[in-house]
>>> print(open('data-v1.cif').read())   # mmCIF, C-alpha atoms
data_query
loop_
_atom_site.label_atom_id
_atom_site.label_comp_id
_atom_site.auth_asym_id
_atom_site.auth_seq_id
_atom_site.Cartn_x
_atom_site.Cartn_y
_atom_site.Cartn_z
CA MET A 1 14.10 -2.39 16.63
CA ARG A 2 12.34 0.73 15.40
CA ALA A 3 10.90 1.56 12.00
CA VAL A 4 10.18 4.83 10.24
CA VAL A 5 7.04 4.51 8.12
CA LEU A 6 6.69 7.15 5.41
CA ALA A 7 3.00 8.05 5.26
CA GLY A 8 2.87 11.73 4.39
CA GLY A 9 1.85 11.65 0.74
CA GLU A 10 -1.48 12.94 -0.56
CA GLY A 11 -2.27 9.88 -2.69
CA THR A 12 -3.37 12.01 -5.63
CA ARG A 13 -3.71 9.08 -8.04
CA LEU A 14 -6.39 7.53 -5.82
CA ARG A 15 -8.57 10.62 -5.58
CA PRO A 16 -11.37 11.20 -4.75
CA LEU A 17 -11.00 8.48 -2.10
CA THR A 18 -7.94 10.23 -0.67
CA LEU A 19 -9.58 13.63 -0.43
CA THR A 20 -10.85 12.60 3.01
CA VAL A 21 -8.92 9.43 3.89
CA PRO A 22 -5.11 9.04 3.72
CA LYS A 23 -4.02 6.41 1.23
CA GLN A 24 -2.40 4.30 3.97
CA LEU A 25 -5.77 3.96 5.72
CA LEU A 26 -7.64 2.69 2.66
CA PRO A 27 -8.60 -0.97 3.06
CA ILE A 28 -6.90 -3.87 1.33
CA VAL A 29 -9.54 -6.61 1.62
CA GLU A 30 -11.18 -4.89 4.60
CA GLN A 31 -7.96 -4.19 6.54
CA PRO A 32 -6.29 -0.76 6.39
CA MET A 33 -3.13 -0.74 4.32
CA LEU A 34 -1.06 0.57 7.24
CA GLU A 35 -2.08 -2.39 9.39
CA ARG A 36 -0.91 -4.77 6.68
CA VAL A 37 2.44 -2.97 6.47
CA LEU A 38 3.01 -3.02 10.24
CA GLY A 39 1.69 -6.56 10.50
CA GLN A 40 4.52 -7.68 8.21
CA LEU A 41 7.13 -5.86 10.30
CA ALA A 42 6.15 -7.09 13.77
CA PRO A 43 7.31 -10.73 13.31
CA TYR A 44 10.82 -9.46 12.58
CA GLY A 45 11.26 -7.70 15.88
CA ILE A 46 9.91 -4.26 14.99
CA ASP A 47 8.22 -3.22 18.22
CA GLU A 48 8.03 0.55 17.68
CA ALA A 49 7.26 2.61 14.58
CA VAL A 50 7.19 6.32 13.97
CA LEU A 51 4.73 7.45 11.32
CA SER A 52 6.08 10.28 9.21
CA LEU A 53 2.94 12.30 8.52
CA GLY A 54 1.99 15.42 6.63
CA TYR A 55 -1.38 14.94 4.94
CA LEU A 56 -4.48 14.50 7.12
CA PRO A 57 -2.44 13.51 10.20
CA ASP A 58 -5.43 13.58 12.54
CA ALA A 59 -6.94 10.65 10.67
CA PHE A 60 -4.17 8.38 11.96
CA LEU A 61 -4.61 9.57 15.54
CA GLN A 62 -8.34 8.92 15.32
CA ALA A 63 -7.86 5.49 13.73
CA TYR A 64 -5.44 4.30 16.42
CA PRO A 65 -6.24 6.09 19.66
CA GLN A 66 -4.67 3.25 21.63
CA GLY A 67 -1.29 4.10 20.05
CA SER A 68 -0.44 0.67 18.67
CA VAL A 69 -1.08 -1.53 15.63
CA ALA A 70 -0.38 -5.26 15.36
CA GLY A 71 1.61 -5.11 18.59
CA VAL A 72 3.77 -2.26 17.29
CA LYS A 73 3.84 0.89 19.43
CA LEU A 74 3.21 4.04 17.40
CA HIS A 75 4.87 7.44 17.51
CA TYR A 76 3.87 10.35 15.29
CA ALA A 77 6.03 12.95 13.54
CA VAL A 78 3.95 15.56 11.71
CA GLU A 79 5.73 17.75 9.16
CA GLU A 80 4.68 21.37 8.98
CA GLU A 81 5.67 21.38 5.32
CA PRO A 82 6.75 18.58 2.93
CA LEU A 83 10.37 17.52 3.47
CA ASP A 84 10.68 14.89 0.72
CA THR A 85 11.97 11.40 1.46
CA GLY A 86 15.27 12.24 3.12
CA GLY A 87 13.99 15.17 5.12
CA ALA A 88 11.01 13.14 6.33
CA ILE A 89 13.25 10.28 7.45
CA ARG A 90 15.52 12.56 9.47
CA PHE A 91 12.61 14.47 11.00
CA ALA A 92 10.75 11.29 12.01
CA ALA A 93 13.81 9.37 13.22
CA GLU A 94 14.93 12.25 15.43
CA ALA A 95 11.40 12.72 16.78
CA ALA A 96 11.35 9.06 17.81
CA GLY A 97 14.89 9.08 19.18
CA CYS A 98 16.31 6.45 16.80
CA GLU A 99 19.80 5.94 18.24
CA GLU A 100 20.38 2.39 16.99
CA THR A 101 20.02 0.58 13.67
CA PHE A 102 16.53 1.25 12.30
CA VAL A 103 14.37 0.35 9.31
CA VAL A 104 12.57 2.65 6.85
CA VAL A 105 9.54 1.52 4.84
CA ASN A 106 6.92 3.17 2.67
CA GLY A 107 3.42 3.04 4.10
CA ASP A 108 1.86 2.32 0.71
CA VAL A 109 4.15 -0.55 -0.32
CA LEU A 110 3.08 -4.12 0.41
CA THR A 111 5.74 -6.81 0.57
CA ASP A 112 6.49 -10.29 1.89
CA LEU A 113 10.17 -9.48 2.34
CA ASP A 114 12.02 -11.41 5.05
CA LEU A 115 13.23 -8.32 6.88
CA SER A 116 15.60 -10.30 9.09
CA ARG A 117 17.50 -11.34 5.96
CA LEU A 118 17.96 -7.71 4.91
CA VAL A 119 19.14 -6.69 8.39
CA ALA A 120 21.60 -9.62 8.51
CA PHE A 121 22.95 -8.65 5.06
CA HIS A 122 23.39 -5.06 6.27
CA ARG A 123 25.29 -6.06 9.41
CA ALA A 124 27.49 -8.66 7.71
CA ARG A 125 28.85 -5.99 5.36
CA GLY A 126 29.28 -3.27 7.96
CA ALA A 127 27.05 -1.03 5.86
CA ARG A 128 25.89 2.44 6.92
CA ALA A 129 22.79 2.01 4.80
CA THR A 130 21.28 -0.92 2.89
CA LEU A 131 18.38 -0.99 0.46
CA ARG A 132 16.26 -3.80 -0.90
CA LEU A 133 16.27 -4.32 -4.68
CA TYR A 134 13.39 -5.89 -6.57
CA PRO A 135 13.47 -7.25 -10.16
CA VAL A 136 10.88 -5.88 -12.59
CA ALA A 137 10.15 -6.64 -16.23
CA ASP A 138 10.29 -2.97 -17.28
CA PRO A 139 12.48 -0.73 -15.10
CA SER A 140 11.88 2.43 -17.16
CA ALA A 141 9.40 3.83 -14.61
CA PHE A 142 11.77 3.36 -11.68
CA GLY A 143 15.21 4.17 -10.37
CA VAL A 144 17.53 1.23 -11.03
CA VAL A 145 20.56 0.34 -8.94
CA THR A 146 23.77 -1.42 -9.92
CA THR A 147 26.06 -3.21 -7.45
CA ASP A 148 29.37 -5.05 -7.37
CA TRP A 149 29.79 -8.72 -6.49
CA GLU A 150 29.62 -7.96 -2.75
CA GLY A 151 26.42 -5.91 -3.00
CA ARG A 152 28.09 -2.51 -2.75
CA VAL A 153 26.11 0.09 -4.72
CA THR A 154 28.01 1.43 -7.72
CA ALA A 155 25.41 3.58 -9.49
CA PHE A 156 21.84 4.91 -9.56
CA VAL A 157 20.12 5.40 -12.89
CA GLU A 158 16.76 7.22 -12.73
CA LYS A 159 14.03 5.93 -15.08
CA PRO A 160 16.24 4.61 -17.89
CA PRO A 161 14.70 3.60 -21.24
CA ALA A 162 14.02 -0.13 -21.10
CA ASP A 163 16.54 -0.95 -23.81
CA THR A 164 19.37 0.98 -22.12
CA ALA A 165 18.83 0.01 -18.47
CA PRO A 166 21.98 -1.52 -16.98
CA THR A 167 19.85 -3.79 -14.77
CA ASN A 168 16.24 -4.58 -14.02
CA LEU A 169 16.73 -4.21 -10.25
CA ILE A 170 14.87 -1.25 -8.76
CA ASN A 171 15.04 0.51 -5.42
CA ALA A 172 12.05 -1.06 -3.64
CA GLY A 173 11.81 1.45 -0.80
CA THR A 174 12.82 -0.68 2.20
CA TYR A 175 15.99 0.50 3.95
CA VAL A 176 18.17 -0.37 6.92
CA PHE A 177 20.05 2.64 8.35
CA GLU A 178 22.64 3.30 10.98
CA PRO A 179 21.68 6.41 12.96
CA ASP A 180 24.73 8.42 11.82
CA VAL A 181 23.30 8.43 8.28
CA LEU A 182 20.96 11.15 9.58
CA ASP A 183 23.98 13.48 9.86
CA LEU A 184 24.21 13.45 6.05
CA ILE A 185 20.65 14.74 5.68
CA PRO A 186 20.31 18.53 6.08
CA SER A 187 17.54 19.48 8.49
CA GLY A 188 14.68 21.88 7.90
CA ARG A 189 14.41 21.55 4.11
CA ARG A 190 13.32 19.15 1.39
CA VAL A 191 15.91 16.43 0.79
CA SER A 192 15.70 13.61 -1.74
CA ILE A 193 17.49 10.69 -0.17
CA GLU A 194 17.85 9.04 -3.59
CA ARG A 195 19.45 12.08 -5.25
CA GLU A 196 21.38 13.65 -2.38
CA THR A 197 22.16 11.18 0.40
CA PHE A 198 22.60 7.83 -1.31
CA PRO A 199 25.15 9.12 -3.85
CA VAL A 200 27.35 10.37 -0.99
CA LEU A 201 27.16 7.02 0.78
CA ALA A 202 27.82 5.17 -2.47
CA ALA A 203 30.90 7.28 -3.17
CA ARG A 204 32.22 6.32 0.27
CA GLY A 205 31.55 2.63 -0.38
CA GLU A 206 29.15 2.52 2.58
CA LEU A 207 25.88 1.88 0.72
CA PHE A 208 24.85 -1.70 -0.03
CA ALA A 209 21.85 -3.34 -1.66
CA MET A 210 20.34 -6.81 -1.54
CA GLU A 211 18.25 -8.35 -4.29
CA ASP A 212 15.11 -10.12 -3.17
CA ASP A 213 12.19 -11.26 -5.32
CA ALA A 214 9.63 -11.71 -2.50
CA TYR A 215 6.25 -10.15 -3.24
CA TRP A 216 6.35 -6.37 -3.69
CA LEU A 217 3.70 -3.89 -4.85
CA ASP A 218 3.40 -0.11 -4.73
CA THR A 219 -0.34 0.49 -4.28
CA GLY A 220 -0.43 4.13 -5.39
CA SER A 221 -2.52 3.83 -8.56
CA PRO A 222 -6.03 2.42 -9.10
CA THR A 223 -4.55 -0.43 -11.15
CA ASP A 224 -2.13 -1.41 -8.40
CA TYR A 225 -4.69 -0.88 -5.64
CA LEU A 226 -7.01 -3.36 -7.35
CA GLN A 227 -4.06 -5.70 -7.89
CA ALA A 228 -3.20 -5.62 -4.17
CA ASN A 229 -6.70 -6.85 -3.36
CA GLN A 230 -6.59 -9.51 -6.06
CA ASP A 231 -3.23 -10.81 -4.90
CA LEU A 232 -4.62 -11.54 -1.45
CA LEU A 233 -7.77 -13.16 -2.79
CA THR A 234 -5.93 -15.43 -5.21
CA GLY A 235 -3.14 -16.42 -2.84
CA ARG A 236 -0.35 -14.68 -4.71
CA ARG A 237 0.54 -13.23 -1.31
CA ARG A 238 1.25 -15.70 1.44
CA CYS A 239 -0.95 -14.04 4.09
CA ALA A 240 -4.72 -14.50 4.44
CA PRO A 241 -7.05 -11.98 2.77
CA SER A 242 -8.27 -10.68 6.12
CA PRO A 243 -7.25 -11.53 9.69
CA LEU A 244 -10.69 -12.84 10.64
CA ALA A 245 -11.74 -14.25 7.26
CA ASP A 246 -13.16 -17.75 6.88
CA ARG A 247 -12.80 -19.70 3.67
CA LEU A 248 -16.10 -21.25 2.62
CA ARG A 249 -14.81 -22.52 -0.72
CA ASP A 250 -11.58 -22.31 -2.66
CA ASP A 251 -12.86 -19.14 -4.32
CA LEU A 252 -14.85 -17.54 -1.50
CA TRP A 253 -13.71 -15.79 1.67
CA VAL A 254 -16.15 -14.26 4.14
CA HIS A 255 -16.01 -12.35 7.39
CA GLY A 256 -18.80 -12.52 9.92
CA HIS A 257 -22.28 -13.17 8.62
CA PRO A 258 -22.93 -11.94 5.10
CA ARG A 259 -25.98 -13.03 3.11
CA ILE A 260 -25.07 -14.59 -0.21
CA ASP A 261 -28.05 -15.56 -2.34
CA GLY A 262 -26.52 -14.63 -5.69
CA GLU A 263 -23.57 -16.11 -7.59
CA THR A 264 -19.87 -15.71 -6.77
CA GLU A 265 -17.18 -16.62 -9.28
CA ARG A 266 -13.40 -16.55 -9.15
CA ALA A 267 -11.83 -15.44 -5.86
CA CYS A 268 -14.13 -13.16 -3.84
CA PHE A 269 -14.38 -11.70 -0.35
CA VAL A 270 -17.71 -10.75 1.23
CA GLY A 271 -17.70 -8.76 4.47
CA ASP A 272 -19.83 -8.94 7.59
CA GLY A 273 -23.45 -7.94 7.00
CA ALA A 274 -22.98 -7.57 3.24
CA GLN A 275 -25.66 -8.88 0.88
CA ILE A 276 -25.39 -10.41 -2.57
CA CYS A 277 -28.99 -10.72 -3.62
CA ALA A 278 -30.53 -13.50 -5.70
CA GLY A 279 -29.91 -12.83 -9.38
CA ALA A 280 -26.74 -10.81 -8.69
CA ARG A 281 -23.27 -11.95 -9.78
CA VAL A 282 -19.95 -11.10 -8.16
CA SER A 283 -16.67 -12.20 -9.73
CA GLY A 284 -13.10 -11.68 -8.50
CA SER A 285 -14.11 -8.82 -6.22
CA VAL A 286 -14.19 -7.51 -2.66
CA ILE A 287 -17.62 -6.63 -1.24
CA GLY A 288 -17.16 -4.69 2.00
CA ALA A 289 -19.13 -4.98 5.21
CA ARG A 290 -22.80 -3.94 4.97
CA ALA A 291 -22.51 -3.34 1.22
CA ILE A 292 -25.34 -4.59 -0.98
CA VAL A 293 -25.34 -5.95 -4.52
CA GLU A 294 -28.95 -5.99 -5.65
CA ARG A 295 -30.79 -8.33 -8.00
CA GLY A 296 -29.43 -8.33 -11.54
CA ALA A 297 -26.31 -6.34 -10.62
CA ILE A 298 -22.83 -7.45 -11.71
CA VAL A 299 -19.56 -6.70 -9.92
CA ASP A 300 -16.42 -7.94 -11.67
CA GLY A 301 -12.76 -7.38 -10.77
CA SER A 302 -13.62 -4.51 -8.43
CA VAL A 303 -13.47 -3.34 -4.82
CA VAL A 304 -16.69 -2.15 -3.20
CA PHE A 305 -16.15 -0.46 0.16
CA SER A 306 -18.31 -0.92 3.23
CA GLY A 307 -21.86 0.38 3.13
CA ALA A 308 -21.94 0.95 -0.64
CA SER A 309 -24.98 0.01 -2.74
CA ILE A 310 -24.83 -1.51 -6.21
CA CYS A 311 -28.44 -1.14 -7.30
CA SER A 312 -30.48 -3.51 -9.43
CA GLY A 313 -29.17 -4.07 -12.94
CA ALA A 314 -26.02 -1.98 -12.37
CA THR A 315 -22.61 -3.15 -13.59
CA VAL A 316 -19.25 -2.38 -11.93
CA VAL A 317 -16.17 -3.68 -13.76
CA GLY A 318 -12.51 -3.06 -12.89
CA SER A 319 -13.28 -0.11 -10.62
CA ILE A 320 -13.29 1.10 -7.01
CA VAL A 321 -16.49 2.14 -5.23
CA GLY A 322 -16.04 4.14 -2.01
CA GLY A 323 -17.89 3.60 1.24
CA ASP A 324 -21.61 4.50 1.31
CA ALA A 325 -21.57 5.32 -2.41
CA VAL A 326 -24.64 4.45 -4.50
CA ILE A 327 -24.37 3.04 -8.02
CA GLY A 328 -27.84 3.65 -9.45
CA PRO A 329 -30.11 1.12 -11.19
CA GLY A 330 -28.94 0.09 -14.64
CA SER A 331 -25.80 2.24 -14.51
CA VAL A 332 -22.33 1.13 -15.66
CA VAL A 333 -19.07 1.91 -13.89
CA ARG A 334 -15.96 0.61 -15.65
CA SER A 335 -12.37 1.13 -16.83
CA LEU A 336 -10.63 1.98 -13.54
CA SER A 337 -13.26 4.46 -12.42
CA VAL A 338 -12.92 5.62 -8.81
CA ILE A 339 -16.16 6.54 -7.04
CA GLY A 340 -15.70 8.61 -3.88
CA PHE A 341 -17.11 8.04 -0.42
CA GLY A 342 -20.83 8.83 -0.42
CA ALA A 343 -20.93 9.62 -4.15
CA HIS A 344 -24.00 8.84 -6.30
CA VAL A 345 -24.07 7.54 -9.85
CA GLY A 346 -27.45 8.17 -11.41
CA ALA A 347 -29.77 5.54 -12.84
CA GLY A 348 -28.68 4.43 -16.31
CA GLU A 349 -25.52 6.57 -16.21
CA MET A 350 -22.21 5.51 -17.81
CA VAL A 351 -19.02 6.20 -15.84
CA ASP A 352 -16.03 5.22 -17.98
CA GLY A 353 -12.57 5.73 -16.46
CA GLU A 354 -13.74 8.71 -14.42
CA ARG A 355 -13.15 10.02 -10.90
CA ARG A 356 -16.47 10.76 -9.25
CA PRO A 357 -16.39 12.70 -5.96
CA ALA A 358 -19.33 12.99 -3.60
#
>>> encode(input="data-v1.cif", output="structure tokens")
Amino acid sequence: MRAVVLAGGEGTRLRPLTLTVPKQLLPIVEQPMLERVLGQLAPYGIDEAVLSLGYLPDAFLQAYPQGSVAGVKLHYAVEEEPLDTGGAIRFAAEAAGCEETFVVVNGDVLTDLDLSRLVAFHRARGARATLRLYPVADPSAFGVVTTDWEGRVTAFVEKPPADTAPTNLINAGTYVFEPDVLDLIPSGRRVSIERETFPVLAARGELFAMEDDAYWLDTGSPTDYLQANQDLLTGRRRCAPSPLADRLRDDLWVHGHPRIDGETERACFVGDGAQICAGARVSGSVIGARAIVERGAIVDGSVVFSGASICSGATVVGSIVGGDAVIGPGSVVRSLSVIGFGAHVGAGEMVDGERRPA
């Protein structure tokens, strides 16, 4: 079976990291997000995937010159201009020659969904299209979907106030399509599948939805990106933090041969060649390969990319530090700050909820 992976967005909420690296190639505990997405699809019989690209497409070609990830063969469909969700799906599916039932996923959504269950639900109901629904505490930031007793979609309600929402089940962005659904999507222009295509299918009684509460997270914001890393470290997700990681203690994962002379608390990951110096403290964080946390430095609830330096006496709390960045001596980085690749924070400087490019 084939999959269309939507990976054309600019990832603006994760800038400046995404100024040079597509969001789907940012690491989640040292493994690119896209590899985690495809790694979850492969066990369910997905052997080919077409990446729907628009932003920095060459980065994907350079990352995977062999043309496969996790045993999944890759195809590429590069949009000349943004086509929105529906237009991107048609463009990519036609480029890959999807002539049988296929799956659509978002390249920045992590999930433990049993895809075979969704496909079986789709086929049992003779659906033309089926979407996965996920329950959330507050649906006001999402599009909610109502269904009848059989799972047939009856209505879409976009971002309803929490106290008026007819359900807490949201469209979670995983779809199963029959190829003739593409005929309902106009070619060559922007098409919102949620606003244009799904309502037509729903009116025909051919659109179904299945509720599933397996792990789901959209990683598009700094908060959710940090959460995605934490969920692997703490075991909230069922897969290991990193494919080659070894567990030294209940709260410590390592890859390769890091040097850990300082303290680690709560669930942490330390990459190959990384150093946590004596007198440093790392808590609930990811320290990437070859990164260094010097004496007296503190890293708490953060992700530090490979090659970054957290200098002596510096503090990084609840933030993201890009690869090869330098956090100067005695400086403080906190409150969901995002430090770009190769950026420098000066000695004694305070970075509070800021985006710091190189």
>>> closest_residue(input="data-v1.cif", among="A:Asp224, A:Asp148, A:Glu81, A:Glu354", to="Gly340 in chain A", atoms="all atoms listed in the file")
A:Glu354
>>> resolve_selection(input="data-v1.cif", expression="the PyMOL selection byres ((chain A and resi 100) around 10)", output="ChimeraX atom specification")
/A:1-2,97-99,101-103,177-180
>>> residues_around(input="data-v1.cif", residues="Leu252 in chain A", least_positions_apart="3", cutoff="9 Å", atoms="all atoms listed in the file", output="PyMOL selection string")
chain A and resi 233+246-249+264-270
>>> atom_distance(input="data-v1.cif", atom1="CA of Met350 in chain A", atom2="CA of Gly220 in chain A")
25.1 Å
>>> closest_residue(input="data-v1.cif", among="A:Asp212, A:Glu206, A:Asp251, A:Asp114", to="Gly126 in chain A", atoms="all atoms listed in the file")
A:Glu206
>>> resolve_selection(input="data-v1.cif", expression="the PyMOL selection byres ((chain A and resi 271-285) around 6)", output="number ranges by chain")
A: 254-268, 270, 286, 288-303
>>> resolve_selection(input="data-v1.cif", expression="the PyMOL selection byres ((chain A and resi 135) around 6)", output="VMD selection string")
chain A and resid 134 136 168 to 169
>>> atom_distance(input="data-v1.cif", atom1="CA of Asp138 in chain A", atom2="CA of Trp216 in chain A")
14.6 Å
>>> residues_near_point(input="data-v1.cif", point="(-7.4, -4.9, 4.2)", cutoff="12 Å", atoms="all atoms listed in the file", output="number ranges by chain")
A: 24-37, 39, 110, 225-226, 228-233, 239-245, 255, 269, 271, 286-289, 303, 305-306
>>> atom_distance(input="data-v1.cif", atom1="CA of Ala7 in chain A", atom2="CA of Leu53 in chain A")
5.4 Å
>>> residues_around(input="data-v1.cif", residues="Val109 in chain A", least_positions_apart="5", cutoff="7 Å", atoms="all atoms listed in the file", output="list in words")
Leu217, Asp218 and Thr219 of chain A
>>> residues_around(input="data-v1.cif", residues="range 149-160 of chain A", least_positions_apart="5", cutoff="8 Å", atoms="only C-alpha atoms", output="list in words")
Pro139, Ser140, Ala141, Phe142, Gly143, Val144, Ala165, Pro199, Ala202, Ala203, Gly205, Glu206, Leu207, Phe208, Ala209 and Met210 of chain A
>>> axis_aligned_box(input="data-v1.cif", around="range 171-188 of chain A", padding_each_side="6 Å", output="JSON")
{"center_x": 18.3, "center_y": 10.4, "center_z": 3.8, "size_x": 24.9, "size_y": 34.9, "size_z": 30.4}
>>> residues_near_point(input="data-v1.cif", point="(21.7, 12.1, -1.5)", cutoff="12 Å", atoms="only C-alpha atoms", output="PyMOL selection string")
chain A and resi 84-87+129+156+181-186+190-203+207
>>> closest_residue(input="data-v1.cif", among="A:Ala162, A:Leu131, A:Cys311, A:Leu113", to="Arg238 in chain A", atoms="only C-alpha atoms")
A:Leu113
>>> closest_residue(input="data-v1.cif", among="A:Ala314, A:Leu133, A:Val145, A:Val105", to="Ile327 in chain A", atoms="all atoms listed in the file")
A:Ala314
>>> closest_residue(input="data-v1.cif", among="A:Thr315, A:Val345, A:Gly45, A:Ala63", to="Gly328 in chain A", atoms="only C-alpha atoms")
A:Val345
>>> decode(input="data-v1.cif", residues="range 313-335 of chain A", atoms="N, CA and C atoms", output="CSV table (one decimal), in the first residue's frame")
chain,number,residue,atom,x,y,z
A,313,GLY,N,28.1,27.7,33.9
A,313,GLY,CA,27.2,28.5,34.6
A,313,GLY,C,25.9,29.0,33.8
A,314,ALA,N,25.8,28.5,32.6
A,314,ALA,CA,24.6,28.9,31.8
A,314,ALA,C,23.4,28.0,32.3
A,315,THR,N,22.2,28.6,32.0
A,315,THR,CA,20.9,27.8,32.4
A,315,THR,C,20.0,27.8,31.2
A,316,VAL,N,19.5,26.6,30.8
A,316,VAL,CA,18.6,26.5,29.7
A,316,VAL,C,17.4,25.7,30.3
A,317,VAL,N,16.2,26.4,30.3
A,317,VAL,CA,15.0,25.8,30.8
A,317,VAL,C,13.9,25.9,29.8
A,318,GLY,N,13.2,24.8,29.5
A,318,GLY,CA,12.0,24.7,28.7
A,318,GLY,C,12.2,25.4,27.3
A,319,SER,N,13.4,25.1,26.7
A,319,SER,CA,13.7,25.8,25.4
A,319,SER,C,14.4,24.8,24.5
A,320,ILE,N,14.6,25.3,23.2
A,320,ILE,CA,15.2,24.5,22.2
A,320,ILE,C,16.5,25.2,21.7
A,321,VAL,N,17.6,24.4,21.7
A,321,VAL,CA,18.9,25.0,21.3
A,321,VAL,C,19.3,24.3,20.0
A,322,GLY,N,19.4,25.0,18.9
A,322,GLY,CA,19.8,24.4,17.6
A,322,GLY,C,21.2,23.9,17.6
A,323,GLY,N,21.5,23.1,16.6
A,323,GLY,CA,22.8,22.5,16.4
A,323,GLY,C,23.9,23.6,16.3
A,324,ASP,N,25.0,23.3,16.9
A,324,ASP,CA,26.2,24.2,16.9
A,324,ASP,C,26.0,25.5,17.5
A,325,ALA,N,24.9,25.8,18.1
A,325,ALA,CA,24.7,27.0,18.8
A,325,ALA,C,25.5,27.1,20.1
A,326,VAL,N,25.8,28.3,20.6
A,326,VAL,CA,26.6,28.5,21.8
A,326,VAL,C,25.8,29.3,22.8
A,327,ILE,N,25.6,28.8,23.9
A,327,ILE,CA,24.9,29.5,25.0
A,327,ILE,C,26.0,30.0,26.0
A,328,GLY,N,26.3,31.3,26.0
A,328,GLY,CA,27.5,31.8,26.7
A,328,GLY,C,27.5,31.6,28.2
A,329,PRO,N,28.6,31.8,28.8
A,329,PRO,CA,28.8,31.6,30.2
A,329,PRO,C,27.8,32.5,31.0
A,330,GLY,N,27.2,31.8,32.0
A,330,GLY,CA,26.3,32.6,32.9
A,330,GLY,C,25.0,33.1,32.3
A,331,SER,N,24.7,32.8,31.0
A,331,SER,CA,23.5,33.3,30.4
A,331,SER,C,22.3,32.4,30.8
A,332,VAL,N,21.1,32.9,30.5
A,332,VAL,CA,19.9,32.2,30.8
A,332,VAL,C,19.0,32.2,29.6
A,333,VAL,N,18.6,31.0,29.2
A,333,VAL,CA,17.6,30.8,28.1
A,333,VAL,C,16.4,30.1,28.7
A,334,ARG,N,15.2,30.7,28.5
A,334,ARG,CA,14.1,30.1,29.2
A,334,ARG,C,12.8,30.4,28.4
A,335,SER,N,11.7,29.9,28.9
A,335,SER,CA,10.3,30.2,28.5
A,335,SER,C,10.1,30.0,27.0
